[in-house]
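Report on the structure given below.
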Amino acid sequence: MAATAPATDPPDSSPAVTTDSPPPPRPTAEELVARAVAPVKPAFLRPPPIREVPKEEGKAGGGGAVVTGEKKSKRQLKRERQQEQKSTSHLCIEVGKSGNVDSCKYGTSCRFSHDINAYLAQKPGDLEGTCPFTALGHLCPYGLTCRFLGTHKDNLAPQNHSEGNHERNPLSKDIQKLLWKNKYKFPKASAQIKLLGLKDGNKNKAKAANDDNPHEAHELNGDEKTESLSSVPANVEPDPTLCKETDNSEGEPLVVSSVQCVEPRPLKKSKVEVDETLNDGTGIHDNEAESEDLNLINGIKVSSNNQSSCRVDLITTPHLREKKIIDFREKLYLAPLTTVGNLPFRRLCKTLGADITCGEMAMCTNLLQGQASEWALLRRHPSEDLFGVQICGPYPDTVARTVELVDNECSVDFIDINMGCPIDIVVNKGAGSSLLTKPMRIKSIVQAASTVTEKPLTVKIRTAFFEGRNRADSIVSDIYDWGASAITIHGRSRQQRYSKLADWDYIYQCAQKAPDNLHVIGNGDVFSFTDWNKHVSDCSKISTCMIARGALIKPWLFTEIKEQRHWDITSGERLNILKDFVHFGLEHWGSDSKGVETTRHFLLEWLSYTCRYIPVGLLDVIPQRLNWRPPSYYGRDDLETLMASDSAADWIRISEMLLGKVPEGFTFAPKHKSNAYDRAENG
């Protein structure tokens, strides 16, 4: 009987049983949180979208990733640039600004087009909206090339830079030429390096120049001290494209010797050796007239007749307590953020409640070379009333000279030294978090840098370089005596990156060991006003919290903290914030085609972070945590759904709502891949 039982069953009984089986129970909100998945309300969940052919992804109307085109040689790229410049699409700047063909001083020899009619015939149509310069009541500096040409008015005057509403800290051509030719003067940094008995690359250049071959001088890359880069004849002007970390104010070469350097820097000297150096003929007083002029220019008197004058004058340097003091307590501090932390974004955060802003990390070597792209990171908007710059370098002489340079040429309220950057290219050169393995190097850098400026010097570090080998507490206890006014501690090691939550308990331990006058700033995973309140209240010695990725994902976090609320922001309000960023971007990068596309690029970089925000009204548990992975969900309207997409094609669609259609063949790949939770490209 048992054998014939299956024959009596209906033939379709098996599928019916499968269909009627109950679906697996949905995890509870607590279970989702434990798995670091955002607990979105079930009514808004949707299946993950199906991506189309990967090869088309990233193009306008395509999917999410991007396929890069074939790589071209430098010669081919240069040839293409020259051909583009000769085309009618590249109108001469002077002609475009004035609308007059005769305004270009180069005339017919100019390499750019002067054909105004041909340029206007092929120029893309105007964008919607008003020229950002015309809206401020100023004459647009881009003239005919502006993408808002139809809104220009003829009766406007050019912007007056003396009004105080223009960007600050530009790199002047005169200073850039001095840096290119290695003739900028650094008397304070050179004297302090000598006083501390550290290896001075600037002094050792003289020895290399006086080698057996007097016609050859070897120079060393500022961030790669272990290998020689080039040989330059003594009668040839230095190439400004070569790496030069230090000045050539006394005609002394940078290298330690003309052979490969095998000793790591800084190298301590005995006091006797320092005194002998002051007495020999290779010191900084070889050229008395030049040395006198050098010291008078920078405001300190170092007489060449007094061998110990450097030491005497440095003793009169103001003590740390006599310097200008910044009170960081309970101020909202926007962290220096690579790529996305640009001037328009910082300006936007100021409108949303940020108190302190800091420029993107700039490499010391590039600043000392006079690279315009690196100096652009030091730009400051007038709305940034409490502003600092962040520099990064591996050696005391490099950092000290950069601090002196910034102090002389820039308007800043404080200078921050990055000793926590985890990026490989920085770490491999001995800078960033690599310094955490060399505490004596940290001491030398802070001591050398703090004495060449009267502005507060701050330092940003991580808990450690290797996971489980915390050493930030040993640095905190001494760094105030070395000359730092504040220290920021990111609660992760370099090895850890973002694989775990920030260790705030260890940050509290470090703060307890800090001297009373040292400001300790905590950093890591602040994403709501409750996070900020908890960290400030749990440890009274924490002055404030630095806000980094939280501000990238939702810059209105500063408003939430000041108003002490969870802001259930609508998609329309978020779009208005994007519009403000675009307006600031066009004002900063320009309203011509190049400025529009630069603004679009940085907008897309930012959108690669904002897609991680989940509206408050869609969550079962609030507030959202920074480590939660958002599932695929519908928004409360189409725009909110579009903003939640992690597809580059959808980010491009949002940019087209604000900046018009993208150029033909446009592609985009996010630099930092913020939606890759298991990887971190930026610290």
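Please note that chains go A, B, ... in the order of the structure tokens, that every chain numbers its residues from 1, and that ligands are numbered from 1 in the order shown.
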Hey, what's within 7 Å of Leu332 (chain A) if we count only C-alpha atoms and toss same-chain stuff fewer than 2 positions away? As a PDB file with all heavy atoms, in the first residue's frame, please?
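Output file result.pdb is given in full below:
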ATOM      1  N   GLU A 330      33.725  72.916  22.018  1.00  0.00           N
ATOM      2  CA  GLU A 330      32.342  72.813  21.566  1.00  0.00           C
ATOM      3  C   GLU A 330      32.064  73.584  20.282  1.00  0.00           C
ATOM      4  O   GLU A 330      30.930  73.963  20.004  1.00  0.00           O
ATOM      5  CB  GLU A 330      31.374  73.247  22.680  1.00  0.00           C
ATOM      6  CG  GLU A 330      31.474  72.366  23.912  1.00  0.00           C
ATOM      7  CD  GLU A 330      30.363  72.624  24.905  1.00  0.00           C
ATOM      8  OE1 GLU A 330      29.473  73.436  24.598  1.00  0.00           O
ATOM      9  OE2 GLU A 330      30.376  72.011  25.976  1.00  0.00           O
ATOM     10  N   LEU A 334      34.718  71.114  10.831  1.00  0.00           N
ATOM     11  CA  LEU A 334      34.686  70.331   9.597  1.00  0.00           C
ATOM     12  C   LEU A 334      36.094  69.847   9.288  1.00  0.00           C
ATOM     13  O   LEU A 334      37.021  70.643   9.146  1.00  0.00           O
ATOM     14  CB  LEU A 334      34.154  71.173   8.438  1.00  0.00           C
ATOM     15  CG  LEU A 334      34.226  70.536   7.049  1.00  0.00           C
ATOM     16  CD1 LEU A 334      33.338  69.291   6.966  1.00  0.00           C
ATOM     17  CD2 LEU A 334      33.841  71.531   5.964  1.00  0.00           C
ATOM     18  N   ALA A 354      28.732  75.051  10.329  1.00  0.00           N
ATOM     19  CA  ALA A 354      30.101  74.722  10.746  1.00  0.00           C
ATOM     20  C   ALA A 354      30.795  75.965  11.299  1.00  0.00           C
ATOM     21  O   ALA A 354      30.604  77.079  10.803  1.00  0.00           O
ATOM     22  CB  ALA A 354      30.886  74.158   9.561  1.00  0.00           C
ATOM     23  N   ASP A 355      31.593  75.785  12.348  1.00  0.00           N
ATOM     24  CA  ASP A 355      32.323  76.890  12.973  1.00  0.00           C
ATOM     25  C   ASP A 355      33.766  76.970  12.489  1.00  0.00           C
ATOM     26  O   ASP A 355      34.285  78.053  12.256  1.00  0.00           O
ATOM     27  CB  ASP A 355      32.308  76.744  14.502  1.00  0.00           C
ATOM     28  CG  ASP A 355      30.907  76.817  15.080  1.00  0.00           C
ATOM     29  OD1 ASP A 355      30.139  77.690  14.640  1.00  0.00           O
ATOM     30  OD2 ASP A 355      30.574  75.993  15.954  1.00  0.00           O
ATOM     31  N   ILE A 356      34.425  75.818  12.379  1.00  0.00           N
ATOM     32  CA  ILE A 356      35.838  75.761  12.007  1.00  0.00           C
ATOM     33  C   ILE A 356      35.963  74.967  10.714  1.00  0.00           C
ATOM     34  O   ILE A 356      35.371  73.891  10.575  1.00  0.00           O
ATOM     35  CB  ILE A 356      36.685  75.097  13.116  1.00  0.00           C
ATOM     36  CG1 ILE A 356      36.476  75.802  14.457  1.00  0.00           C
ATOM     37  CG2 ILE A 356      38.159  75.102  12.746  1.00  0.00           C
ATOM     38  CD1 ILE A 356      37.146  75.088  15.626  1.00  0.00           C
ATOM     39  N   PHE A 558      25.604  69.686  10.777  1.00  0.00           N
ATOM     40  CA  PHE A 558      25.951  70.828  11.635  1.00  0.00           C
ATOM     41  C   PHE A 558      24.687  71.529  12.139  1.00  0.00           C
ATOM     42  O   PHE A 558      24.625  71.953  13.296  1.00  0.00           O
ATOM     43  CB  PHE A 558      26.826  71.812  10.855  1.00  0.00           C
ATOM     44  CG  PHE A 558      28.116  71.218  10.368  1.00  0.00           C
ATOM     45  CD1 PHE A 558      28.279  70.882   9.028  1.00  0.00           C
ATOM     46  CD2 PHE A 558      29.167  70.979  11.239  1.00  0.00           C
ATOM     47  CE1 PHE A 558      29.467  70.329   8.569  1.00  0.00           C
ATOM     48  CE2 PHE A 558      30.355  70.420  10.796  1.00  0.00           C
ATOM     49  CZ  PHE A 558      30.507  70.097   9.458  1.00  0.00           C
TER      50      PHE A 558
END
Need to verify the contact set: region 587-595 of chain A, 8 Å, only C-alpha atoms, exclusion of same-chain residues closer than 2 positions in sequence. Can you return it as a count of residues only?
16
Write out as a PyMOL selection string each polymer residue whose atoms come within 10 Å of Tyr609 (chain A), counting only C-alpha atoms; drop sequence neighbours fewer than 2 positions from it.
chain A and resi 340+549-554+604-607+611-613+646+670+672-675
May I have the residues within 9 Å of Ser571 (chain A) as a list in words, using only C-alpha atoms and disregarding those fewer than 2 positions away in the same chain?
Ile569, Glu573, Arg574, Leu575, Asn576, Gly635, Arg636, Asp637, Asp638, Leu639, Glu640, Thr641 and Met643 of chain A
Mind dumping the selected residues with N, CA and C atoms as a compact mmCIF listing (two decimals), in the first residue's frame?
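Okay, again-v9.txt is ready:
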# COMPACT_ATOMS: atom_id res chain seq x y z
N ILE A 569 14.80 65.73 6.48
CA ILE A 569 14.91 66.66 5.37
C ILE A 569 14.23 66.09 4.13
N GLU A 573 14.45 70.03 -0.25
CA GLU A 573 15.44 70.77 0.55
C GLU A 573 16.86 70.28 0.22
N ARG A 574 17.01 69.00 0.00
CA ARG A 574 18.32 68.47 -0.38
C ARG A 574 18.74 69.00 -1.75
N LEU A 575 17.79 69.11 -2.67
CA LEU A 575 18.10 69.65 -3.99
C LEU A 575 18.53 71.11 -3.89
N ASN A 576 17.93 71.87 -3.00
CA ASN A 576 18.33 73.27 -2.81
C ASN A 576 19.76 73.36 -2.28
N GLY A 635 12.10 55.92 -2.28
CA GLY A 635 11.91 57.12 -1.49
C GLY A 635 10.44 57.50 -1.43
N ARG A 636 10.18 58.61 -0.75
CA ARG A 636 8.80 59.06 -0.63
C ARG A 636 8.34 59.81 -1.87
N ASP A 637 9.27 60.12 -2.77
CA ASP A 637 8.92 60.67 -4.07
C ASP A 637 10.02 60.25 -5.05
N ASP A 638 9.82 60.56 -6.32
CA ASP A 638 10.77 60.11 -7.35
C ASP A 638 12.16 60.71 -7.14
N LEU A 639 12.23 61.97 -6.72
CA LEU A 639 13.53 62.61 -6.53
C LEU A 639 14.29 61.96 -5.37
N GLU A 640 13.58 61.62 -4.31
CA GLU A 640 14.23 60.97 -3.18
C GLU A 640 14.72 59.58 -3.57
N THR A 641 13.97 58.88 -4.42
CA THR A 641 14.41 57.58 -4.92
C THR A 641 15.66 57.73 -5.78
N MET A 643 17.90 60.09 -5.57
CA MET A 643 19.03 60.47 -4.71
C MET A 643 19.58 59.29 -3.93
With the cut-off set at 12 Å and counting only C-alpha atoms, tabulate each residue of region 336-420 of chain A with an atom at most that distance from an atom of region 190-193 of chain A, showing the nearest atom pair and its distance in Å to one decimal, ordered by chain and increasing number, as JSON lines.
{"residue": "A:Tyr395", "atom": "CA", "partner": "A:Ile193", "partner_atom": "CA", "distance": 10.8}
{"residue": "A:Pro396", "atom": "CA", "partner": "A:Ile193", "partner_atom": "CA", "distance": 7.6}
{"residue": "A:Asp397", "atom": "CA", "partner": "A:Ile193", "partner_atom": "CA", "distance": 6.4}
{"residue": "A:Thr398", "atom": "CA", "partner": "A:Ile193", "partner_atom": "CA", "distance": 10.1}
{"residue": "A:Val399", "atom": "CA", "partner": "A:Ile193", "partner_atom": "CA", "distance": 10.7}
{"residue": "A:Ala400", "atom": "CA", "partner": "A:Ile193", "partner_atom": "CA", "distance": 8.2}
{"residue": "A:Arg401", "atom": "CA", "partner": "A:Ser190", "partner_atom": "CA", "distance": 7.8}
{"residue": "A:Thr402", "atom": "CA", "partner": "A:Ser190", "partner_atom": "CA", "distance": 11.6}
{"residue": "A:Glu404", "atom": "CA", "partner": "A:Ser190", "partner_atom": "CA", "distance": 10.2}
Output of the above residues as an mmCIF file, in the first residue's frame, restricted to C-alpha atoms:
data_model
loop_
_atom_site.group_PDB
_atom_site.id
_atom_site.type_symbol
_atom_site.label_atom_id
_atom_site.label_comp_id
_atom_site.auth_asym_id
_atom_site.auth_seq_id
_atom_site.Cartn_x
_atom_site.Cartn_y
_atom_site.Cartn_z
ATOM 1 C CA TYR A 395 61.034 65.590 7.526
ATOM 2 C CA PRO A 396 61.507 68.436 10.025
ATOM 3 C CA ASP A 397 63.264 70.792 7.600
ATOM 4 C CA THR A 398 60.592 70.297 4.949
ATOM 5 C CA VAL A 399 57.696 70.897 7.335
ATOM 6 C CA ALA A 400 59.375 73.829 9.086
ATOM 7 C CA ARG A 401 60.051 75.633 5.818
ATOM 8 C CA THR A 402 56.488 75.002 4.638
ATOM 9 C CA GLU A 404 57.277 79.498 7.505
#
Taking the backbone alone, and naming residues the way the document does, which bits of region 374-470 of chain A are strand (DSSP E or B) by DSSP, as an mmCIF file with N, CA, C and O atoms, in the first residue's frame?
data_model
loop_
_atom_site.group_PDB
_atom_site.id
_atom_site.type_symbol
_atom_site.label_atom_id
_atom_site.label_comp_id
_atom_site.auth_asym_id
_atom_site.auth_seq_id
_atom_site.Cartn_x
_atom_site.Cartn_y
_atom_site.Cartn_z
ATOM 1 N N ARG A 380 41.047 80.404 0.639
ATOM 2 C CA ARG A 380 40.140 80.647 1.762
ATOM 3 C C ARG A 380 39.044 81.604 1.336
ATOM 4 O O ARG A 380 39.319 82.646 0.733
ATOM 5 N N PHE A 387 39.762 79.519 10.101
ATOM 6 C CA PHE A 387 40.219 78.664 9.002
ATOM 7 C C PHE A 387 41.671 78.246 9.217
ATOM 8 O O PHE A 387 42.514 79.046 9.645
ATOM 9 N N GLY A 388 41.937 76.982 8.921
ATOM 10 C CA GLY A 388 43.299 76.467 8.984
ATOM 11 C C GLY A 388 43.654 75.733 7.713
ATOM 12 O O GLY A 388 42.776 75.383 6.914
ATOM 13 N N VAL A 389 44.940 75.505 7.515
ATOM 14 C CA VAL A 389 45.402 74.688 6.393
ATOM 15 C C VAL A 389 46.094 73.457 6.957
ATOM 16 O O VAL A 389 46.659 73.493 8.049
ATOM 17 N N GLN A 390 46.027 72.370 6.206
ATOM 18 C CA GLN A 390 46.668 71.127 6.642
ATOM 19 C C GLN A 390 47.796 70.776 5.681
ATOM 20 O O GLN A 390 47.587 70.740 4.465
ATOM 21 N N ILE A 391 48.970 70.545 6.217
ATOM 22 C CA ILE A 391 50.129 70.183 5.410
ATOM 23 C C ILE A 391 50.623 68.807 5.832
ATOM 24 O O ILE A 391 50.315 68.326 6.926
ATOM 25 N N CYS A 392 51.391 68.185 4.957
ATOM 26 C CA CYS A 392 51.884 66.832 5.222
ATOM 27 C C CYS A 392 53.281 66.702 4.645
ATOM 28 O O CYS A 392 53.511 67.022 3.474
ATOM 29 N N PHE A 414 45.279 78.879 11.900
ATOM 30 C CA PHE A 414 46.105 77.834 12.491
ATOM 31 C C PHE A 414 46.644 76.958 11.380
ATOM 32 O O PHE A 414 46.146 76.982 10.242
ATOM 33 N N ILE A 415 47.677 76.197 11.689
ATOM 34 C CA ILE A 415 48.294 75.285 10.725
ATOM 35 C C ILE A 415 48.270 73.881 11.320
ATOM 36 O O ILE A 415 48.731 73.676 12.451
ATOM 37 N N ASP A 416 47.726 72.936 10.573
ATOM 38 C CA ASP A 416 47.594 71.560 11.041
ATOM 39 C C ASP A 416 48.582 70.672 10.283
ATOM 40 O O ASP A 416 48.740 70.799 9.065
ATOM 41 N N ILE A 417 49.260 69.787 10.998
ATOM 42 C CA ILE A 417 50.192 68.836 10.385
ATOM 43 C C ILE A 417 49.546 67.459 10.393
ATOM 44 O O ILE A 417 49.181 66.946 11.455
ATOM 45 N N ASN A 418 49.400 66.875 9.221
ATOM 46 C CA ASN A 418 48.775 65.561 9.098
ATOM 47 C C ASN A 418 49.803 64.473 9.392
ATOM 48 O O ASN A 418 50.804 64.346 8.687
ATOM 49 N N MET A 419 49.540 63.700 10.432
ATOM 50 C CA MET A 419 50.369 62.545 10.768
ATOM 51 C C MET A 419 49.509 61.286 10.874
ATOM 52 O O MET A 419 49.850 60.351 11.596
ATOM 53 N N LEU A 457 49.747 75.767 16.224
ATOM 54 C CA LEU A 457 50.104 74.589 15.440
ATOM 55 C C LEU A 457 49.339 73.400 16.003
ATOM 56 O O LEU A 457 49.386 73.143 17.208
ATOM 57 N N THR A 458 48.610 72.696 15.145
ATOM 58 C CA THR A 458 47.853 71.524 15.572
ATOM 59 C C THR A 458 48.351 70.298 14.818
ATOM 60 O O THR A 458 48.971 70.405 13.766
ATOM 61 N N VAL A 459 48.053 69.122 15.362
ATOM 62 C CA VAL A 459 48.522 67.858 14.786
ATOM 63 C C VAL A 459 47.354 66.883 14.726
ATOM 64 O O VAL A 459 46.545 66.817 15.655
ATOM 65 N N LYS A 460 47.249 66.137 13.629
ATOM 66 C CA LYS A 460 46.210 65.114 13.491
ATOM 67 C C LYS A 460 46.881 63.750 13.361
ATOM 68 O O LYS A 460 47.747 63.555 12.504
ATOM 69 N N ILE A 461 46.487 62.814 14.224
ATOM 70 C CA ILE A 461 47.087 61.485 14.234
ATOM 71 C C ILE A 461 45.991 60.424 14.292
ATOM 72 O O ILE A 461 44.804 60.735 14.468
ATOM 73 N N ARG A 462 46.403 59.168 14.151
ATOM 74 C CA ARG A 462 45.532 58.022 14.401
ATOM 75 C C ARG A 462 45.965 57.343 15.698
ATOM 76 O O ARG A 462 46.971 57.728 16.296
#
Quick one: residues within 8 Å of Val582 (chain A), only C-alpha atoms, excluding same-chain residues fewer than 3 positions away - as a PyMOL selection string?
chain A and resi 578-579+585-586+599-600+603+658-659
12 Å contact set for region 166-168 of chain A, only C-alpha atoms, chain neighbours under 2 positions out, as an mmCIF file with N, CA and C atoms, in the first residue's frame:
data_model
loop_
_atom_site.group_PDB
_atom_site.id
_atom_site.type_symbol
_atom_site.label_atom_id
_atom_site.label_comp_id
_atom_site.auth_asym_id
_atom_site.auth_seq_id
_atom_site.Cartn_x
_atom_site.Cartn_y
_atom_site.Cartn_z
ATOM 1 N N PHE A 133 28.169 85.744 -11.173
ATOM 2 C CA PHE A 133 28.838 87.038 -10.984
ATOM 3 C C PHE A 133 27.861 88.185 -11.206
ATOM 4 N N LEU A 136 25.712 88.827 -8.262
ATOM 5 C CA LEU A 136 26.362 89.584 -7.181
ATOM 6 C C LEU A 136 26.558 91.048 -7.544
ATOM 7 N N HIS A 138 28.383 92.120 -10.209
ATOM 8 C CA HIS A 138 29.713 92.334 -10.762
ATOM 9 C C HIS A 138 29.731 91.974 -12.249
ATOM 10 N N GLN A 159 34.606 93.230 -10.442
ATOM 11 C CA GLN A 159 34.670 93.001 -9.007
ATOM 12 C C GLN A 159 35.891 93.682 -8.410
ATOM 13 N N ASN A 160 35.675 94.416 -7.329
ATOM 14 C CA ASN A 160 36.757 95.116 -6.640
ATOM 15 C C ASN A 160 37.304 94.222 -5.543
ATOM 16 N N HIS A 161 38.532 93.754 -5.696
ATOM 17 C CA HIS A 161 39.115 92.832 -4.729
ATOM 18 C C HIS A 161 39.387 93.498 -3.392
ATOM 19 N N SER A 162 39.403 94.809 -3.362
ATOM 20 C CA SER A 162 39.639 95.501 -2.089
ATOM 21 C C SER A 162 38.410 95.501 -1.198
ATOM 22 N N GLU A 163 37.274 95.040 -1.729
ATOM 23 C CA GLU A 163 36.054 95.013 -0.934
ATOM 24 C C GLU A 163 36.091 93.917 0.119
ATOM 25 N N GLY A 164 37.004 92.964 -0.005
ATOM 26 C CA GLY A 164 37.141 91.917 0.996
ATOM 27 C C GLY A 164 36.239 90.726 0.785
ATOM 28 N N PRO A 170 45.847 83.572 -2.710
ATOM 29 C CA PRO A 170 46.299 83.186 -4.050
ATOM 30 C C PRO A 170 47.824 83.124 -4.084
ATOM 31 N N LEU A 171 48.346 82.370 -5.021
ATOM 32 C CA LEU A 171 49.796 82.277 -5.202
ATOM 33 C C LEU A 171 50.224 83.342 -6.206
ATOM 34 N N SER A 172 50.974 84.339 -5.741
ATOM 35 C CA SER A 172 51.419 85.397 -6.642
ATOM 36 C C SER A 172 52.518 84.877 -7.564
ATOM 37 N N LEU A 343 36.782 74.303 -1.524
ATOM 38 C CA LEU A 343 36.285 75.583 -1.009
ATOM 39 C C LEU A 343 34.767 75.713 -1.141
ATOM 40 N N PRO A 344 34.137 75.399 -2.283
ATOM 41 C CA PRO A 344 32.676 75.497 -2.338
ATOM 42 C C PRO A 344 31.969 74.613 -1.309
ATOM 43 N N ARG A 347 32.371 76.223 2.082
ATOM 44 C CA ARG A 347 31.490 77.398 2.129
ATOM 45 C C ARG A 347 30.044 76.969 2.377
ATOM 46 N N TRP A 375 48.821 74.852 -4.305
ATOM 47 C CA TRP A 375 48.507 76.107 -3.622
ATOM 48 C C TRP A 375 47.014 76.406 -3.672
ATOM 49 N N ALA A 376 46.310 75.885 -4.663
ATOM 50 C CA ALA A 376 44.863 76.093 -4.725
ATOM 51 C C ALA A 376 44.161 75.486 -3.519
ATOM 52 N N LEU A 377 44.772 74.486 -2.892
ATOM 53 C CA LEU A 377 44.178 73.850 -1.707
ATOM 54 C C LEU A 377 44.218 74.770 -0.495
ATOM 55 N N LEU A 378 44.993 75.848 -0.550
ATOM 56 C CA LEU A 378 45.109 76.778 0.571
ATOM 57 C C LEU A 378 44.143 77.949 0.458
ATOM 58 N N ARG A 379 43.374 77.995 -0.634
ATOM 59 C CA ARG A 379 42.447 79.108 -0.831
ATOM 60 C C ARG A 379 41.435 79.176 0.320
ATOM 61 N N ARG A 380 41.047 80.404 0.639
ATOM 62 C CA ARG A 380 40.140 80.647 1.762
ATOM 63 C C ARG A 380 39.044 81.604 1.336
ATOM 64 N N HIS A 381 37.799 81.256 1.654
ATOM 65 C CA HIS A 381 36.686 82.159 1.366
ATOM 66 C C HIS A 381 36.468 83.093 2.555
ATOM 67 N N PRO A 382 36.045 84.334 2.305
ATOM 68 C CA PRO A 382 35.837 85.271 3.420
ATOM 69 C C PRO A 382 34.864 84.768 4.481
ATOM 70 N N SER A 383 33.925 83.893 4.108
ATOM 71 C CA SER A 383 32.978 83.376 5.110
ATOM 72 C C SER A 383 33.639 82.423 6.099
ATOM 73 N N GLU A 384 34.842 81.926 5.779
ATOM 74 C CA GLU A 384 35.544 81.012 6.678
ATOM 75 C C GLU A 384 36.286 81.844 7.728
ATOM 76 N N ASP A 385 35.561 82.193 8.777
ATOM 77 C CA ASP A 385 36.117 83.109 9.775
ATOM 78 C C ASP A 385 37.123 82.445 10.703
ATOM 79 N N PHE A 387 39.762 79.519 10.101
ATOM 80 C CA PHE A 387 40.219 78.664 9.002
ATOM 81 C C PHE A 387 41.671 78.246 9.217
ATOM 82 N N GLU A 409 52.929 83.958 3.637
ATOM 83 C CA GLU A 409 52.204 84.279 2.408
ATOM 84 C C GLU A 409 50.698 84.056 2.481
ATOM 85 N N CYS A 410 50.197 83.454 3.544
ATOM 86 C CA CYS A 410 48.778 83.091 3.591
ATOM 87 C C CYS A 410 48.088 83.682 4.813
ATOM 88 N N SER A 411 46.789 83.865 4.665
ATOM 89 C CA SER A 411 45.946 84.306 5.778
ATOM 90 C C SER A 411 45.271 83.074 6.377
ATOM 91 N N VAL A 412 45.791 82.601 7.499
ATOM 92 C CA VAL A 412 45.248 81.421 8.176
ATOM 93 C C VAL A 412 45.202 81.692 9.673
ATOM 94 N N PHE A 584 28.108 78.045 -5.677
ATOM 95 C CA PHE A 584 29.428 78.330 -5.115
ATOM 96 C C PHE A 584 30.535 77.789 -6.016
ATOM 97 N N GLU A 587 31.069 80.013 -9.048
ATOM 98 C CA GLU A 587 31.744 81.236 -8.615
ATOM 99 C C GLU A 587 33.225 80.982 -8.360
ATOM 100 N N HIS A 588 33.565 79.761 -7.927
ATOM 101 C CA HIS A 588 34.955 79.424 -7.596
ATOM 102 C C HIS A 588 35.725 78.934 -8.821
ATOM 103 N N TRP A 589 35.154 77.978 -9.574
ATOM 104 C CA TRP A 589 35.862 77.374 -10.707
ATOM 105 C C TRP A 589 35.590 78.085 -12.030
#
One number please: CA of Asn366 (chain A) to CA of Leu179 (chain A), in Å, one decimal.
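Here the two named atoms are 10.2 Å from each other.
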Give the helix (DSSP H, G or I) residues of region 338-585 of chain A, as assigned by DSSP on the backbone, as a PyMOL selection string.
chain A and resi 343-351+364-369+372-378+396-409+424-427+432-437+439-450+472-482+504-513+529-538+549-553+557-563+571-585
Rank A:Val596, A:Leu518, A:Met546, A:Cys539 by their smallest atom-to-atom distance to Ser655 (chain A), using only C-alpha atoms, and report the top residue only.
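Closest to Ser655 (chain A), using only C-alpha atoms: A:Val596.
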Which residue, A:Pro24, A:Gly99, A:Pro456, A:Pro39, has the smallest gap to Pro615 (chain A) when you use only C-alpha atoms?
A:Pro39
Spatial neighbours of Lys661 (chain A), max dist 10 Å, only C-alpha atoms, sep filter under 3 positions, as a list in words:
Ala60, Pro124, Leu127, Ile652, Arg653, Ser655, Glu656, Met657, Leu658, Glu664 and Phe666 of chain A
